[in-house]
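Trainee: Following this message is one structure expressed as structure tokens.
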Amino acid sequence: MKKFRFLLSLFAIAAFTSCEEYLDENNIANVTASGYYTTAAGLEDAVSATYGIMKEFYGPEIGWSMGVFGTDTYRAGADGSHKYMARYASGHNSEARFMRDTWRIFYEQVNQANAVIARAEGVTDMDASTKTQRIAEARFLRALAYFNLTRHYGDIHLSLEETEGVEIEANKTSASEIYSQAIVPDLEFAIANLEDNPSDYGRASIPAAQFLLAKALMTRSYTSFAAGTDASTAETLMTSVINNPRFELMPTFGDLWSINNEANSEFIWTVQNSKSQVDEGLDGYGHRGHLYFLMEYDKKPAMTRDTENGRPWKRFRPTPFLMSLWDRTMDRRYDETYKHVWYANVGNDGGPNGVPVAVGDTALYIPGPGVNKNGVDQDSYWNAAKQASVNFEVYTSDEWDQRTFPSLNKWIDNTRPNRQHTQGQRDYVLMRLADAYLIRAEARLKQGNTSGAASDINVIRTRAAWDGKEADMQITAAQVDVDMILDERARELVGENHRWFDLTRMGKLVERVQLYNSDAQANIQSHHVVRPIPLSQIDRTSGGYAQNPGYAQ
């Protein structure tokens with residue numbers, strides 16, 4: 001397998017919002033975008049750079065926070081500077097850095113894609129088929145950027161032409177027009193002109209474009225400007241993805257998260273990371289999910305920080321609601337998503353009952369919520385007397401807090417060169433087959449086909465079952481509704497950064513946060529279904545720029 005390497009930066013192309021100071025670059029080769037992009041090599045690099053821009057969002061803390069915080073499944077851990085997002089507190093405003101930088105990153109990607117599309121016309125030393133494919137990749141990436149911008153901010157600026165230099169004029173175009181002029185036609189072009197299975201793993205493909213268009217149409221299907229065929233077209237597109245012989249579900253859920261199994265049959269499209277680049281610091285972003293979902297194990301008895309257990313930044317801790325979702329007697333996904341045991345890596349002279357704890361002994365144990373697959377209620381079993389009988393620390397649900405909580409295991413990266421290294425080598429998973437089944441189920445529900453929706457959900461639940469429990473995991477058509485699909489998406493996709501989008505898409509953000517997130521329930525309001533327009537955008541636009549309703553300028 002040859003992985004496609006993104007360029008993290010190429011030329012400083014100013015987006016229409018740009019008045020910020022950038023690092024001066026010494027152009028020692030006297031290469032310019034206007035001259036270089038019109039060569040075959042230049043166009044290839046320009047396309048690669050279009051992919052590279054989004055790595056600032058997909059991997060570092062900004063992207064995780066924008067997708068995880070302020071939902072029904074996660075609330076703030078002990079550390080971090082962006083808890084306003086988790087709580088919809090006063091800092092959740094137009095001056096917030098993550099609101100500003102999300103806007104900037106995706107408009108940089110839009111403008112870079114616009115440059116590729118415009119300048120490709122002048123490339124004469126590339127065959128027509130390859131050129132068309134590269135334009136299709138740029139349009140796919142532009143659609144992805146606009147889709148993210150509309151999902152976060154609603155009505156936004158639309159530009160389909162490259163901006164050079166500083167631009168202080170901006171429009172505020174309705175989300176419906178962003179769909180009709182950019183997202184949908186770009187993805188239709190991509191589907192018509194991309195390859196089904198590119199030789200470079202990580203390039204956009206036909207099934208990736210089909211997947212993205214299906215999700216975009218499902219998002220539009222809940223809006224006031226929905227097209228009547230959105231759900232049916234989304235179903236057709238996801239059926240094409242599901243029936244593509246290149247993809248199949250992994251045999252067991254846990255198989256998905258092996259760090260040595262990233263190019264597996266279930267992953268449809270991922271943002272690429274290179275171990276050599278992240279280890280050597282050439283890529284300053286990488287996959288950092290391994291940092292944010294971990295409890296403070298390294299200050300517990302007999303433990304210190306190491307690469308095996310990760311560097312715990314304690315950003316996201318699960319809500320009690322999330323912990324209640326799995327029936328562990330038949331569903332394996334909690335047990336294969338969260339860590340249970342930490343083995344002593346320094347030891348100590350005496351554990352809870354005075355016996356020394358040696359390196360390699362059990363030091364910490366989180367039995368997890370509810371009744372396990374052996375039929376034992378974990379909180380009842382691990383009562384005070386039982387805990388006193390073992391020589392390791394046990395943390396039941398009544399002992400969880402901002403520092404001690406079930407730790408997500410999906411993104412652990414024990415290949416990092418040292419225990420402090422923040423960049424990880426995992427690819428960032430944006431699209432996988434289980435999500436395709438769940439989106440198709442949602443599309444079928446939208447059309448009143450609850451039987452078809454149940455069938456799709458049952459495919460996922462069958463794979464999720466403990467051996468011999470497959471029949472117990474099946475649901476009926478009568479059980480399928482929006483809330484059931486949201487619950488199933490939480491069980492299957494937890495920690496994969498879909499949740500804020502899922503809740504806003506289905507119109508459930510405010511309701512679910514008020515029900516299930518004690519940190520945010522008193523603060524969240526109806527206008528929080530979109531983000532505030534960044535103050536930097538307002539200030540730098542001639543005549544100002546309209547703020548989203550509910551937010552102060």
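Lettering and numbering for the structure tokens are positional, with chains as A, B, ... in the shown order, residues counted from 1 in each chain, and ligands counted from 1 in the shown order.
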Which of stretch 379-495 of chain A counts as helix (DSSP H, G or I) under DSSP, as a VMD selection string please?

Mentor: chain A and resid 379 to 381 384 to 388 397 to 399 433 to 446 450 to 464 471 to 473 477 to 479 482 to 493

Trainee: Using 10 Å as the limit and counting only C-alpha atoms, can you tabulate each residue of stretch 380-428 of chain A that touches stretch 354-358 of chain A, with its shortest atom-to-atom distance in Å and the two atoms involved, as CSV?

Mentor:
residue,atom,partner,partner_atom,distance
A:Val390,CA,A:Val355,CA,9.7
A:Asn391,CA,A:Val355,CA,6.7
A:Phe392,CA,A:Val357,CA,8.1

Trainee: Next, dump the selected residues to file, keeping only N, CA, C and O atoms, as an mmCIF file, in the first residue's frame.

Mentor:
data_model
loop_
_atom_site.group_PDB
_atom_site.id
_atom_site.type_symbol
_atom_site.label_atom_id
_atom_site.label_comp_id
_atom_site.auth_asym_id
_atom_site.auth_seq_id
_atom_site.Cartn_x
_atom_site.Cartn_y
_atom_site.Cartn_z
ATOM 1 N N VAL A 390 -8.724 -6.578 47.691
ATOM 2 C CA VAL A 390 -7.767 -6.696 46.583
ATOM 3 C C VAL A 390 -6.657 -5.673 46.771
ATOM 4 O O VAL A 390 -6.831 -4.651 47.438
ATOM 5 N N ASN A 391 -5.544 -5.963 46.159
ATOM 6 C CA ASN A 391 -4.365 -5.111 46.338
ATOM 7 C C ASN A 391 -4.162 -4.169 45.153
ATOM 8 O O ASN A 391 -3.042 -3.966 44.691
ATOM 9 N N PHE A 392 -5.232 -3.608 44.643
ATOM 10 C CA PHE A 392 -5.164 -2.596 43.590
ATOM 11 C C PHE A 392 -6.328 -1.641 43.773
ATOM 12 O O PHE A 392 -7.294 -1.945 44.487
#

Trainee: Residues within 7 Å of A:Asn111, please, as a list in words. Count only C-alpha atoms; anything in the same chain fewer than 3 positions from it doesn't count.

Mentor: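 After dropping sequence-adjacent residues, the list is Ala15, Tyr107, Glu108, Asn114, Ala115, Glu162 and Thr163 of chain A.
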
Trainee: Using only C-alpha atoms, which of A:Glu177, A:Thr219, A:Trp326, A:Val394 sits nearest A:Gly507?

Mentor: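 Result for the nearest residue to A:Gly507: A:Thr219.
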
Trainee: Among the residues of stretch 291-449 of chain A, find those DSSP assigns to strand (DSSP E) from the backbone and print them as a PyMOL selection string.

Mentor: chain A and resi 316-318+341-343+362-365+393-394+428-432

Trainee: Can I get the selected residues back with N, CA, C and O atoms, as a JSON list (two decimals), in the first residue's frame?

Mentor:
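After the write, result_21.json holds the following:
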[["chain", "number", "residue", "atom", "x", "y", "z"],
["A", 316, "PHE", "N", -11.85, 15.23, 27.88],
["A", 316, "PHE", "CA", -13.22, 14.78, 27.69],
["A", 316, "PHE", "C", -13.52, 13.60, 28.60],
["A", 316, "PHE", "O", -12.85, 12.58, 28.55],
["A", 317, "ARG", "N", -14.55, 13.75, 29.43],
["A", 317, "ARG", "CA", -14.98, 12.63, 30.27],
["A", 317, "ARG", "C", -16.43, 12.27, 29.90],
["A", 317, "ARG", "O", -17.25, 13.15, 29.63],
["A", 318, "PRO", "N", -16.76, 11.01, 29.90],
["A", 318, "PRO", "CA", -18.09, 10.59, 29.47],
["A", 318, "PRO", "C", -19.18, 11.00, 30.44],
["A", 318, "PRO", "O", -18.97, 11.03, 31.65],
["A", 341, "VAL", "N", -8.00, -2.05, 32.74],
["A", 341, "VAL", "CA", -6.91, -2.38, 33.66],
["A", 341, "VAL", "C", -5.66, -1.59, 33.30],
["A", 341, "VAL", "O", -5.31, -1.45, 32.12],
["A", 342, "TRP", "N", -5.01, -1.06, 34.34],
["A", 342, "TRP", "CA", -3.68, -0.45, 34.21],
["A", 342, "TRP", "C", -2.73, -1.29, 35.05],
["A", 342, "TRP", "O", -2.97, -1.53, 36.24],
["A", 343, "TYR", "N", -1.65, -1.74, 34.42],
["A", 343, "TYR", "CA", -0.67, -2.56, 35.13],
["A", 343, "TYR", "C", 0.46, -1.68, 35.66],
["A", 343, "TYR", "O", 0.92, -0.76, 34.98],
["A", 362, "THR", "N", -1.54, -5.79, 38.59],
["A", 362, "THR", "CA", -2.66, -4.87, 38.41],
["A", 362, "THR", "C", -2.54, -3.74, 39.41],
["A", 362, "THR", "O", -2.39, -3.98, 40.62],
["A", 363, "ALA", "N", -2.60, -2.50, 38.90],
["A", 363, "ALA", "CA", -2.51, -1.33, 39.78],
["A", 363, "ALA", "C", -3.85, -0.62, 39.90],
["A", 363, "ALA", "O", -4.23, -0.19, 40.99],
["A", 364, "LEU", "N", -4.55, -0.49, 38.78],
["A", 364, "LEU", "CA", -5.82, 0.24, 38.73],
["A", 364, "LEU", "C", -6.83, -0.59, 37.95],
["A", 364, "LEU", "O", -6.49, -1.27, 36.98],
["A", 365, "TYR", "N", -8.08, -0.48, 38.36],
["A", 365, "TYR", "CA", -9.14, -1.21, 37.66],
["A", 365, "TYR", "C", -10.41, -0.37, 37.64],
["A", 365, "TYR", "O", -10.86, 0.13, 38.67],
["A", 393, "GLU", "N", -6.22, -0.48, 43.14],
["A", 393, "GLU", "CA", -7.24, 0.55, 43.25],
["A", 393, "GLU", "C", -8.39, 0.24, 42.30],
["A", 393, "GLU", "O", -8.17, -0.06, 41.11],
["A", 394, "VAL", "N", -9.62, 0.30, 42.81],
["A", 394, "VAL", "CA", -10.82, 0.07, 42.00],
["A", 394, "VAL", "C", -11.67, 1.33, 42.02],
["A", 394, "VAL", "O", -11.88, 1.91, 43.10],
["A", 428, "TYR", "N", -6.64, 9.75, 10.59],
["A", 428, "TYR", "CA", -7.88, 10.28, 11.16],
["A", 428, "TYR", "C", -9.06, 9.75, 10.34],
["A", 428, "TYR", "O", -9.17, 10.03, 9.15],
["A", 429, "VAL", "N", -9.92, 8.97, 10.99],
["A", 429, "VAL", "CA", -11.00, 8.29, 10.28],
["A", 429, "VAL", "C", -12.18, 9.24, 10.11],
["A", 429, "VAL", "O", -12.84, 9.61, 11.08],
["A", 430, "LEU", "N", -12.47, 9.60, 8.87],
["A", 430, "LEU", "CA", -13.63, 10.44, 8.58],
["A", 430, "LEU", "C", -14.82, 9.64, 8.10],
["A", 430, "LEU", "O", -15.96, 10.06, 8.28],
["A", 431, "MET", "N", -14.58, 8.52, 7.46],
["A", 431, "MET", "CA", -15.68, 7.74, 6.89],
["A", 431, "MET", "C", -15.39, 6.26, 7.07],
["A", 431, "MET", "O", -14.31, 5.78, 6.69],
["A", 432, "ARG", "N", -16.35, 5.54, 7.65],
["A", 432, "ARG", "CA", -16.23, 4.09, 7.70],
["A", 432, "ARG", "C", -17.57, 3.43, 7.44],
["A", 432, "ARG", "O", -18.63, 4.07, 7.54]]

Trainee: Which residue is closest to A:Ser258? Choose from A:Asp279, A:Tyr58, A:Asp413, A:Ala209 and count only C-alpha atoms.

Mentor: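 Answer, going by the shortest atom-to-atom distance: A:Asp413.
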
Trainee: Can you pull out every residue within 12 Å of A:Ala454, counting only C-alpha atoms, but drop anything in the same chain fewer than 6 positions away, and send it as number ranges by chain?

Mentor: A: 437-445, 448, 460-462, 473-482, 484-485, 488
